[in-house]
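First the structure, in the form of structure tokens, and then the observations on it.
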2 protein chains.
Amino acid sequence: MIAATIDHTLLAATATEADIRHLCAEAKQWHFAAACVNPLYVSLAAQVLRETPVRVCTVVGFPLGATTTAVKIAETIGALEDGAQEIDMVGALGLLKGRAFGRYRDDIAAVIEVARRFPGVTVKVILETGLLTREEKQMAARAAAEAGADFVKTSTGMNGGGATVEDVKLLRATVPDQVRVKASGGIRTLAQAQALLSAGADRLGTSAGVALAREERRRHAANPVRGIERDDAED
Amino acid sequence: MIAATIDHTLLAATATEADIRHLCAEAKQWHFAAACVNPLYVSLAAQVLRETPVRVCTVVGFPLGATTTAVKIAETIGALEDGAQEIDMVGALGLLKGRAFGRYRDDIAAVIEVARRFPGVTVKVILETGLLTREEKQMAARAAAEAGADFVKTSTGMNGGGATVEDVKLLRATVPDQVRVKASGGIRTLAQAQALLSAGADRLGTSAGVALAREERRRHAANPVRGIERDDAED
């Protein structure tokens with residue numbers, strides 16, 4: 001089931017409380033891994049999703065990654081106190097581009113360090129692969145892994161390109177096994193989602209989760225035997 | 001001189017320290033009103049621009065406006081301690097869209113309140129007009145004025161459309177005289193810049209400031225008498 005891999009995401013600036021309630025209801029109904037919302041809505045999402053298995057995910061330093069480490073820390077603590085269980089932080093691309101790799105890593109490490117004070121929190125580091133060279137993608141992924149990230153994540157979906165199979169393969173080959181990969185940005189079809197999972201993605205960030213889960217259900221309903229065979233082959 | 005109206009702006013996620021030094025040098029050379037950088041670079045810009053008349057401007061809650069008020073406050077205080085003199089904050093569009101006008105205004109007022117603890121600070125409130133209806137633009141501008149904003153500002157330049165003459169006229173007509181208007185987003189030509197100023201803008205946020213100032217200088221050099229006449233006519 002693809003649903004278990006999906007962070008059901010709504011980060012548009014214009015999203016209202018009603019939109020967030022709708023997102024959370026869908027996440028619960030479809031058994032998505034998490035609902036991903038802006039910090040403004042973490043307390044609402046945590047309230048709506050209380051006593052469900054759906055995790056509350058939010059973003060830090062989003063989408064530019066260009067605020068200070070101190071502000072990223074404050075944003076992380078605030079979100080975790082509000083009930084977030086997953087933090088998708090954006091690395092400081094400008095430091096990476098300026099080859100200040102130590103400062104790039106330290107910014108990430110500082111956020112992870114405060115997040116670790118809260119039990120069971122997952123931290124994902126958004127690299128924004130669409131704006132990086134191949135070498136920068138590798139440097140960024142290594143820095144995030146060194147800093148203790150649970151996931152490296154491809155994209156914000158707001159700057160430059162989204163997730164590609166090639167980038168997911170590169171990140172998977174770059175980080176140690178225990179670091180997972182989240183593909184995000186522009187994921188719209190089931191075929192695309194499955195290709196990213198096959199390439200090594202563990203989680204998908206998308207606003208099209210309901211459409212993907214529906215498409216998967218339709219295919220299984222139309223071809224139940226082939227569906228089971230395919231599932232067996234993937235095990 | 002158009003230069004005095006320009007906030008020379010570089011907010012790209014990929015901007016490096018070298019890019020910011022270059023921006024600040026240009027701002028100094030061309031006598032722009034301010035250099036506008038992400039919070040990550042405020043301390044660098046403040047150091048480079050020390051003992052110049054160019055003000056250091058930064059952004060808060062940028063570009064989505066969807067972090068919490070507490071984080072916007074922390075970001076504002078951090079930026080002012082780092083040496084910023086102008087704060088361009090993004091209002092919480094989701095609250096505005098959800099017609100939570102009181103909460104929309106209170107978020108802005110909280111940032112302005114902490115900014116007022118620092119002498120001589122200018123606060124601009126980014127409305128993101130490209131994503132708003134005419135009524136929402138008016139509600140947002142009134143809320144910003146009530147909250148004590150020095151400026152209402154059209155756009156982040158990153159979500160939806162940029163500054164239009166129509167929007168500048170609408171904002172000018174909506175806020176009291178003492179509240180100024182900053183036009184920003186997509187300003188690329190001198191004709192466009194002059195049209196926005198004629199419509200009531202007091203400040204322009206653009207990354208094309210050097211090109212605009214050069215174009216103005218070329219025109220005055222080519223037609224000095226006409227240039228002087230035009231200046232006289234505008235007085």
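Letters A, B, ... mark the chains of the structure tokens in the order given; residue numbers begin at 1 per chain; ligand numbers begin at 1, in order shown.
Within range 138-208 of chain A, DSSP applied to the backbone places the following residues in strand (DSSP E): Phe151, Val152, Lys153, Arg180, Val181, Lys182, Ala183, Ser184, Arg203, Leu204, Gly205 and Thr206 of chain A.
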Define the interface residues of chain B facing chain A as those within 7 Å, counting only C-alpha atoms, and report them as a PDB file with N, CA, C and O atoms, in the first residue's frame.
ATOM      1  N   ALA B  13      17.417  31.634  -2.339  1.00  0.00           N
ATOM      2  CA  ALA B  13      17.890  30.625  -1.396  1.00  0.00           C
ATOM      3  C   ALA B  13      19.368  30.309  -1.598  1.00  0.00           C
ATOM      4  O   ALA B  13      20.069  29.942  -0.659  1.00  0.00           O
ATOM      5  N   THR B  14      19.834  30.459  -2.832  1.00  0.00           N
ATOM      6  CA  THR B  14      21.201  30.057  -3.179  1.00  0.00           C
ATOM      7  C   THR B  14      22.221  31.184  -3.021  1.00  0.00           C
ATOM      8  O   THR B  14      23.409  30.973  -3.294  1.00  0.00           O
ATOM      9  N   ALA B  15      21.796  32.365  -2.587  1.00  0.00           N
ATOM     10  CA  ALA B  15      22.730  33.498  -2.477  1.00  0.00           C
ATOM     11  C   ALA B  15      23.833  33.182  -1.474  1.00  0.00           C
ATOM     12  O   ALA B  15      23.568  32.709  -0.367  1.00  0.00           O
ATOM     13  N   THR B  16      25.053  33.462  -1.861  1.00  0.00           N
ATOM     14  CA  THR B  16      26.211  33.197  -0.994  1.00  0.00           C
ATOM     15  C   THR B  16      26.674  34.485  -0.307  1.00  0.00           C
ATOM     16  O   THR B  16      26.233  35.581  -0.656  1.00  0.00           O
ATOM     17  N   GLU B  17      27.603  34.338   0.625  1.00  0.00           N
ATOM     18  CA  GLU B  17      28.197  35.519   1.269  1.00  0.00           C
ATOM     19  C   GLU B  17      28.805  36.456   0.237  1.00  0.00           C
ATOM     20  O   GLU B  17      28.680  37.675   0.343  1.00  0.00           O
ATOM     21  N   ASN B  38      18.289  37.964   3.282  1.00  0.00           N
ATOM     22  CA  ASN B  38      17.686  37.014   4.217  1.00  0.00           C
ATOM     23  C   ASN B  38      18.330  37.138   5.601  1.00  0.00           C
ATOM     24  O   ASN B  38      19.469  37.593   5.724  1.00  0.00           O
ATOM     25  N   PRO B  39      17.625  36.698   6.658  1.00  0.00           N
ATOM     26  CA  PRO B  39      18.141  36.820   8.028  1.00  0.00           C
ATOM     27  C   PRO B  39      19.541  36.225   8.219  1.00  0.00           C
ATOM     28  O   PRO B  39      20.353  36.758   8.987  1.00  0.00           O
ATOM     29  N   LEU B  40      19.823  35.142   7.509  1.00  0.00           N
ATOM     30  CA  LEU B  40      21.145  34.503   7.564  1.00  0.00           C
ATOM     31  C   LEU B  40      22.274  35.495   7.329  1.00  0.00           C
ATOM     32  O   LEU B  40      23.378  35.324   7.846  1.00  0.00           O
ATOM     33  N   LEU B  64       6.211  32.610   3.043  1.00  0.00           N
ATOM     34  CA  LEU B  64       4.847  32.076   3.170  1.00  0.00           C
ATOM     35  C   LEU B  64       4.006  32.786   4.225  1.00  0.00           C
ATOM     36  O   LEU B  64       2.777  32.732   4.174  1.00  0.00           O
ATOM     37  N   GLY B  65       4.659  33.395   5.211  1.00  0.00           N
ATOM     38  CA  GLY B  65       3.911  34.049   6.282  1.00  0.00           C
ATOM     39  C   GLY B  65       3.203  33.067   7.193  1.00  0.00           C
ATOM     40  O   GLY B  65       2.351  33.458   7.999  1.00  0.00           O
ATOM     41  N   ALA B  66       3.571  31.788   7.093  1.00  0.00           N
ATOM     42  CA  ALA B  66       2.792  30.727   7.744  1.00  0.00           C
ATOM     43  C   ALA B  66       3.499  30.072   8.916  1.00  0.00           C
ATOM     44  O   ALA B  66       3.149  28.969   9.319  1.00  0.00           O
ATOM     45  N   THR B  67       4.496  30.764   9.468  1.00  0.00           N
ATOM     46  CA  THR B  67       5.033  30.276  10.732  1.00  0.00           C
ATOM     47  C   THR B  67       4.243  30.944  11.866  1.00  0.00           C
ATOM     48  O   THR B  67       3.356  31.743  11.613  1.00  0.00           O
ATOM     49  N   THR B  68       4.556  30.596  13.099  1.00  0.00           N
ATOM     50  CA  THR B  68       3.777  31.142  14.207  1.00  0.00           C
ATOM     51  C   THR B  68       4.205  32.584  14.526  1.00  0.00           C
ATOM     52  O   THR B  68       5.308  33.008  14.179  1.00  0.00           O
ATOM     53  N   VAL B  71       7.476  32.643  16.431  1.00  0.00           N
ATOM     54  CA  VAL B  71       8.680  32.516  15.601  1.00  0.00           C
ATOM     55  C   VAL B  71       8.955  33.813  14.842  1.00  0.00           C
ATOM     56  O   VAL B  71      10.110  34.235  14.704  1.00  0.00           O
ATOM     57  N   ALA B  74      10.654  36.001  17.328  1.00  0.00           N
ATOM     58  CA  ALA B  74      12.048  35.587  17.549  1.00  0.00           C
ATOM     59  C   ALA B  74      12.917  35.995  16.359  1.00  0.00           C
ATOM     60  O   ALA B  74      14.057  36.460  16.525  1.00  0.00           O
ATOM     61  N   GLU B  75      12.370  35.838  15.159  1.00  0.00           N
ATOM     62  CA  GLU B  75      13.133  36.187  13.948  1.00  0.00           C
ATOM     63  C   GLU B  75      13.367  37.698  13.883  1.00  0.00           C
ATOM     64  O   GLU B  75      14.451  38.153  13.499  1.00  0.00           O
ATOM     65  N   LEU B  93      -1.297  34.844   5.522  1.00  0.00           N
ATOM     66  CA  LEU B  93      -2.327  34.819   4.471  1.00  0.00           C
ATOM     67  C   LEU B  93      -3.433  33.824   4.761  1.00  0.00           C
ATOM     68  O   LEU B  93      -4.586  34.052   4.395  1.00  0.00           O
ATOM     69  N   GLY B  94      -3.078  32.706   5.385  1.00  0.00           N
ATOM     70  CA  GLY B  94      -4.076  31.673   5.666  1.00  0.00           C
ATOM     71  C   GLY B  94      -5.146  32.186   6.620  1.00  0.00           C
ATOM     72  O   GLY B  94      -6.330  31.847   6.489  1.00  0.00           O
ATOM     73  N   LEU B  95      -4.728  33.012   7.588  1.00  0.00           N
ATOM     74  CA  LEU B  95      -5.703  33.599   8.524  1.00  0.00           C
ATOM     75  C   LEU B  95      -6.595  34.598   7.784  1.00  0.00           C
ATOM     76  O   LEU B  95      -7.812  34.640   7.990  1.00  0.00           O
ATOM     77  N   LYS B  97      -7.288  34.583   4.541  1.00  0.00           N
ATOM     78  CA  LYS B  97      -8.174  33.815   3.650  1.00  0.00           C
ATOM     79  C   LYS B  97      -9.308  33.149   4.444  1.00  0.00           C
ATOM     80  O   LYS B  97     -10.408  32.967   3.921  1.00  0.00           O
ATOM     81  N   GLY B  98      -9.008  32.778   5.695  1.00  0.00           N
ATOM     82  CA  GLY B  98     -10.017  32.155   6.540  1.00  0.00           C
ATOM     83  C   GLY B  98     -10.879  33.173   7.271  1.00  0.00           C
ATOM     84  O   GLY B  98     -11.677  32.807   8.136  1.00  0.00           O
TER      85      GLY B  98
END
TODO: Please identify all polymer residues within 12 Å of Arg217 in chain A, counting only C-alpha atoms, omitting same-chain residues fewer than 3 positions from it, and present them as a list in words.
DONE: Met1, Ile2, Ala3, Trp30, Leu190, Val210, Ala211, Leu212, Ala213, Arg214, His220, Ala221, Ala222, Asn223, Pro224 and Gly227 of chain A
Chain A fitted onto chain B, all C-alpha pairs in order, as a tab-separated table (two decimals) with C-alpha atoms, in the first residue's frame:
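Done, and the output landed in superposed.tsv:
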chain	number	residue	atom	x	y	z
A	1	MET	CA	16.82	60.03	-8.61
A	2	ILE	CA	15.20	56.62	-8.51
A	3	ALA	CA	18.05	55.12	-6.45
A	4	ALA	CA	16.76	56.67	-3.23
A	5	THR	CA	13.53	54.69	-3.56
A	6	ILE	CA	15.17	51.29	-4.10
A	7	ASP	CA	15.53	48.41	-1.64
A	8	HIS	CA	18.29	46.52	-3.43
A	9	THR	CA	17.17	42.96	-2.91
A	10	LEU	CA	18.67	39.47	-3.01
A	11	LEU	CA	16.57	36.83	-1.30
A	12	ALA	CA	17.36	33.78	-3.44
A	13	ALA	CA	17.88	30.62	-1.40
A	14	THR	CA	21.18	30.04	-3.18
A	15	ALA	CA	22.73	33.48	-2.47
A	16	THR	CA	26.21	33.16	-0.98
A	17	GLU	CA	28.20	35.48	1.29
A	18	ALA	CA	30.08	36.67	-1.80
A	19	ASP	CA	26.78	37.54	-3.48
A	20	ILE	CA	25.69	39.52	-0.41
A	21	ARG	CA	28.97	41.45	-0.29
A	22	HIS	CA	28.47	42.32	-3.96
A	23	LEU	CA	24.87	43.41	-3.31
A	24	CYS	CA	25.97	45.65	-0.43
A	25	ALA	CA	28.78	47.20	-2.49
A	26	GLU	CA	26.29	48.02	-5.24
A	27	ALA	CA	23.83	49.48	-2.72
A	28	LYS	CA	26.58	51.74	-1.38
A	29	GLN	CA	27.83	52.73	-4.83
A	30	TRP	CA	24.40	53.59	-6.22
A	31	HIS	CA	23.04	55.18	-3.00
A	32	PHE	CA	20.10	52.82	-2.70
A	33	ALA	CA	17.78	53.20	0.29
A	34	ALA	CA	18.52	49.74	1.64
A	35	ALA	CA	20.05	46.36	0.95
A	36	CYS	CA	17.51	43.60	1.56
A	37	VAL	CA	18.85	40.17	2.49
A	38	ASN	CA	17.69	37.00	4.22
A	39	PRO	CA	18.14	36.79	8.03
A	40	LEU	CA	21.13	34.47	7.56
A	41	TYR	CA	23.05	37.42	6.10
A	42	VAL	CA	21.92	40.36	8.24
A	43	SER	CA	25.02	40.45	10.40
A	44	LEU	CA	27.25	40.34	7.32
A	45	ALA	CA	25.30	43.14	5.60
A	46	ALA	CA	25.33	45.24	8.77
A	47	GLN	CA	29.09	44.85	9.01
A	48	VAL	CA	29.68	45.74	5.35
A	49	LEU	CA	27.28	48.71	5.41
A	50	ARG	CA	28.39	50.14	8.78
A	51	GLU	CA	29.00	53.90	8.50
A	52	THR	CA	27.11	54.16	5.21
A	53	PRO	CA	23.64	55.66	4.79
A	54	VAL	CA	22.37	52.38	3.26
A	55	ARG	CA	19.95	50.67	5.62
A	56	VAL	CA	19.94	46.93	6.24
A	57	CYS	CA	16.58	45.35	5.47
A	58	THR	CA	15.54	41.76	6.08
A	59	VAL	CA	12.47	39.56	5.85
A	60	VAL	CA	10.45	37.79	8.53
A	61	GLY	CA	8.14	34.80	8.00
A	62	PHE	CA	9.28	34.87	4.41
A	63	PRO	CA	7.86	34.07	1.94
A	64	LEU	CA	4.83	32.10	3.15
A	65	GLY	CA	3.89	34.08	6.26
A	66	ALA	CA	2.77	30.77	7.72
A	67	THR	CA	5.01	30.30	10.72
A	68	THR	CA	3.74	31.17	14.19
A	69	THR	CA	3.66	34.65	15.68
A	70	ALA	CA	6.17	33.51	18.32
A	71	VAL	CA	8.65	32.52	15.61
A	72	LYS	CA	8.09	35.78	13.72
A	73	ILE	CA	8.87	37.63	16.96
A	74	ALA	CA	12.03	35.59	17.54
A	75	GLU	CA	13.11	36.18	13.96
A	76	THR	CA	12.49	39.92	14.27
A	77	ILE	CA	14.43	40.29	17.52
A	78	GLY	CA	17.29	38.20	16.15
A	79	ALA	CA	17.48	40.29	12.98
A	80	LEU	CA	17.40	43.59	14.85
A	81	GLU	CA	20.09	42.39	17.26
A	82	ASP	CA	22.14	41.37	14.22
A	83	GLY	CA	21.89	44.93	12.87
A	84	ALA	CA	18.78	45.10	10.65
A	85	GLN	CA	17.06	48.49	10.49
A	86	GLU	CA	14.12	47.48	8.33
A	87	ILE	CA	11.87	44.45	8.76
A	88	ASP	CA	9.70	43.26	5.87
A	89	MET	CA	7.32	40.78	7.48
A	90	VAL	CA	4.81	38.55	5.70
A	91	GLY	CA	1.28	38.54	7.09
A	92	ALA	CA	-0.45	35.22	7.73
A	93	LEU	CA	-2.32	34.87	4.45
A	94	GLY	CA	-4.10	31.74	5.64
A	95	LEU	CA	-5.72	33.65	8.49
A	96	LEU	CA	-6.75	36.42	6.08
A	97	LYS	CA	-8.19	33.88	3.62
A	98	GLY	CA	-10.04	32.23	6.50
A	99	ARG	CA	-11.46	35.65	7.45
A	100	ALA	CA	-9.75	35.54	10.86
A	101	PHE	CA	-9.03	39.26	10.51
A	102	GLY	CA	-8.36	39.87	14.19
A	103	ARG	CA	-5.76	37.12	14.33
A	104	TYR	CA	-4.23	38.37	11.07
A	105	ARG	CA	-3.85	41.87	12.56
A	106	ASP	CA	-2.59	40.59	15.95
A	107	ASP	CA	0.20	38.59	14.28
A	108	ILE	CA	1.39	41.78	12.57
A	109	ALA	CA	0.96	43.91	15.69
A	110	ALA	CA	3.08	41.52	17.76
A	111	VAL	CA	6.00	41.86	15.35
A	112	ILE	CA	5.69	45.64	15.24
A	113	GLU	CA	5.53	45.83	19.03
A	114	VAL	CA	8.88	44.08	19.46
A	115	ALA	CA	10.42	46.04	16.59
A	116	ARG	CA	9.50	49.31	18.35
A	117	ARG	CA	11.87	48.40	21.18
A	118	PHE	CA	14.68	49.17	18.72
A	119	PRO	CA	14.99	52.87	17.81
A	120	GLY	CA	14.53	53.95	14.20
A	121	VAL	CA	13.34	50.62	12.85
A	122	THR	CA	11.01	50.56	9.86
A	123	VAL	CA	8.44	47.77	9.57
A	124	LYS	CA	6.84	46.87	6.25
A	125	VAL	CA	4.02	44.37	5.99
A	126	ILE	CA	3.96	42.18	2.88
A	127	LEU	CA	0.39	41.48	1.85
A	128	GLU	CA	1.09	39.24	-1.19
A	129	THR	CA	-1.46	41.04	-3.33
A	130	GLY	CA	-1.08	38.57	-6.21
A	131	LEU	CA	-2.88	35.94	-4.13
A	132	LEU	CA	-5.63	38.21	-2.76
A	133	THR	CA	-9.02	39.43	-3.90
A	134	ARG	CA	-9.63	43.17	-4.01
A	135	GLU	CA	-11.52	42.99	-0.71
A	136	GLU	CA	-8.74	40.94	0.91
A	137	LYS	CA	-6.15	43.49	-0.22
A	138	GLN	CA	-8.13	46.24	1.47
A	139	MET	CA	-8.74	44.23	4.66
A	140	ALA	CA	-5.04	43.32	4.83
A	141	ALA	CA	-3.86	46.89	4.24
A	142	ARG	CA	-6.23	48.22	6.91
A	143	ALA	CA	-5.11	45.54	9.37
A	144	ALA	CA	-1.45	46.42	8.77
A	145	ALA	CA	-2.16	50.13	9.23
A	146	GLU	CA	-4.13	49.47	12.43
A	147	ALA	CA	-1.25	47.35	13.70
A	148	GLY	CA	1.08	50.32	13.24
A	149	ALA	CA	2.98	49.37	10.07
A	150	ASP	CA	5.27	51.99	8.51
A	151	PHE	CA	4.67	50.52	5.06
A	152	VAL	CA	2.32	48.14	3.32
A	153	LYS	CA	4.19	46.16	0.67
A	154	THR	CA	2.68	44.36	-2.28
A	155	SER	CA	4.57	41.11	-2.83
A	156	THR	CA	7.27	38.65	-1.85
A	157	GLY	CA	8.18	38.12	-5.50
A	158	MET	CA	8.01	34.37	-4.80
A	159	ASN	CA	4.29	33.49	-4.61
A	160	GLY	CA	1.91	34.50	-7.38
A	161	GLY	CA	2.21	37.87	-9.10
A	162	GLY	CA	4.25	40.98	-8.36
A	163	ALA	CA	3.53	44.68	-8.04
A	164	THR	CA	0.93	46.28	-10.31
A	165	VAL	CA	-0.01	49.93	-10.76
A	166	GLU	CA	-3.60	49.05	-9.91
A	167	ASP	CA	-2.61	47.42	-6.60
A	168	VAL	CA	-0.36	50.33	-5.61
A	169	LYS	CA	-3.22	52.76	-6.26
A	170	LEU	CA	-5.59	50.60	-4.23
A	171	LEU	CA	-3.20	50.35	-1.27
A	172	ARG	CA	-2.45	54.09	-1.41
A	173	ALA	CA	-6.19	54.84	-1.33
A	174	THR	CA	-6.76	52.36	1.51
A	175	VAL	CA	-4.13	53.28	4.11
A	176	PRO	CA	-3.76	56.62	5.96
A	177	ASP	CA	-1.26	59.16	4.58
A	178	GLN	CA	1.45	58.38	7.11
A	179	VAL	CA	1.58	54.74	6.01
A	180	ARG	CA	3.83	54.39	2.98
A	181	VAL	CA	3.60	51.89	0.13
A	182	LYS	CA	6.35	49.59	-1.11
A	183	ALA	CA	5.93	48.00	-4.53
A	184	SER	CA	7.86	44.78	-5.09
A	185	GLY	CA	7.96	41.70	-7.27
A	186	GLY	CA	8.80	41.64	-10.96
A	187	ILE	CA	10.01	45.26	-11.26
A	188	ARG	CA	12.42	45.11	-14.20
A	189	THR	CA	12.24	48.34	-16.27
A	190	LEU	CA	12.55	52.03	-15.51
A	191	ALA	CA	9.16	52.73	-17.12
A	192	GLN	CA	7.54	50.16	-14.83
A	193	ALA	CA	9.33	51.58	-11.78
A	194	GLN	CA	8.28	55.14	-12.62
A	195	ALA	CA	4.68	54.06	-13.18
A	196	LEU	CA	4.61	52.42	-9.73
A	197	LEU	CA	6.09	55.55	-8.12
A	198	SER	CA	3.55	57.74	-9.93
A	199	ALA	CA	0.77	55.45	-8.69
A	200	GLY	CA	1.80	56.17	-5.12
A	201	ALA	CA	4.69	53.86	-4.26
A	202	ASP	CA	7.32	55.34	-1.93
A	203	ARG	CA	9.77	52.47	-2.11
A	204	LEU	CA	10.56	49.78	-4.69
A	205	GLY	CA	11.83	46.32	-3.87
A	206	THR	CA	13.77	44.91	-6.79
A	207	SER	CA	16.86	42.96	-7.74
A	208	ALA	CA	17.16	45.10	-10.90
A	209	GLY	CA	18.10	48.33	-9.10
A	210	VAL	CA	21.44	48.78	-10.81
A	211	ALA	CA	19.86	48.37	-14.25
A	212	LEU	CA	17.12	50.87	-13.34
A	213	ALA	CA	19.59	53.46	-12.02
A	214	ARG	CA	21.82	53.02	-15.08
A	215	GLU	CA	18.87	53.44	-17.43
A	216	GLU	CA	17.84	56.63	-15.62
A	217	ARG	CA	21.38	58.02	-15.87
A	218	ARG	CA	21.56	57.22	-19.59
A	219	ARG	CA	18.30	59.02	-20.27
A	220	HIS	CA	19.34	62.11	-18.33
A	221	ALA	CA	22.71	62.12	-20.12
A	222	ALA	CA	21.01	61.85	-23.52
A	223	ASN	CA	18.36	64.51	-22.77
A	224	PRO	CA	19.62	66.69	-19.94
A	225	VAL	CA	17.10	69.52	-20.51
A	226	ARG	CA	14.12	67.22	-20.85
A	227	GLY	CA	15.37	65.38	-17.78
A	228	ILE	CA	15.40	68.59	-15.75
A	229	GLU	CA	11.98	69.63	-17.04
A	230	ARG	CA	10.59	66.27	-16.07
A	231	ASP	CA	12.07	66.54	-12.60
A	232	ASP	CA	10.57	70.05	-12.19
A	233	ALA	CA	7.17	68.86	-13.34
A	234	GLU	CA	7.21	66.13	-10.70
A	235	ASP	CA	8.04	68.43	-7.80
TODO: Can you list, as a ChimeraX atom specification, all residues belonging to range 4-144 of chain A that DSSP tags as helix (DSSP H, G or I)?
DONE: /A:4-5,17-29,39-48,69-82,93-97,101-115,129-131,134-144
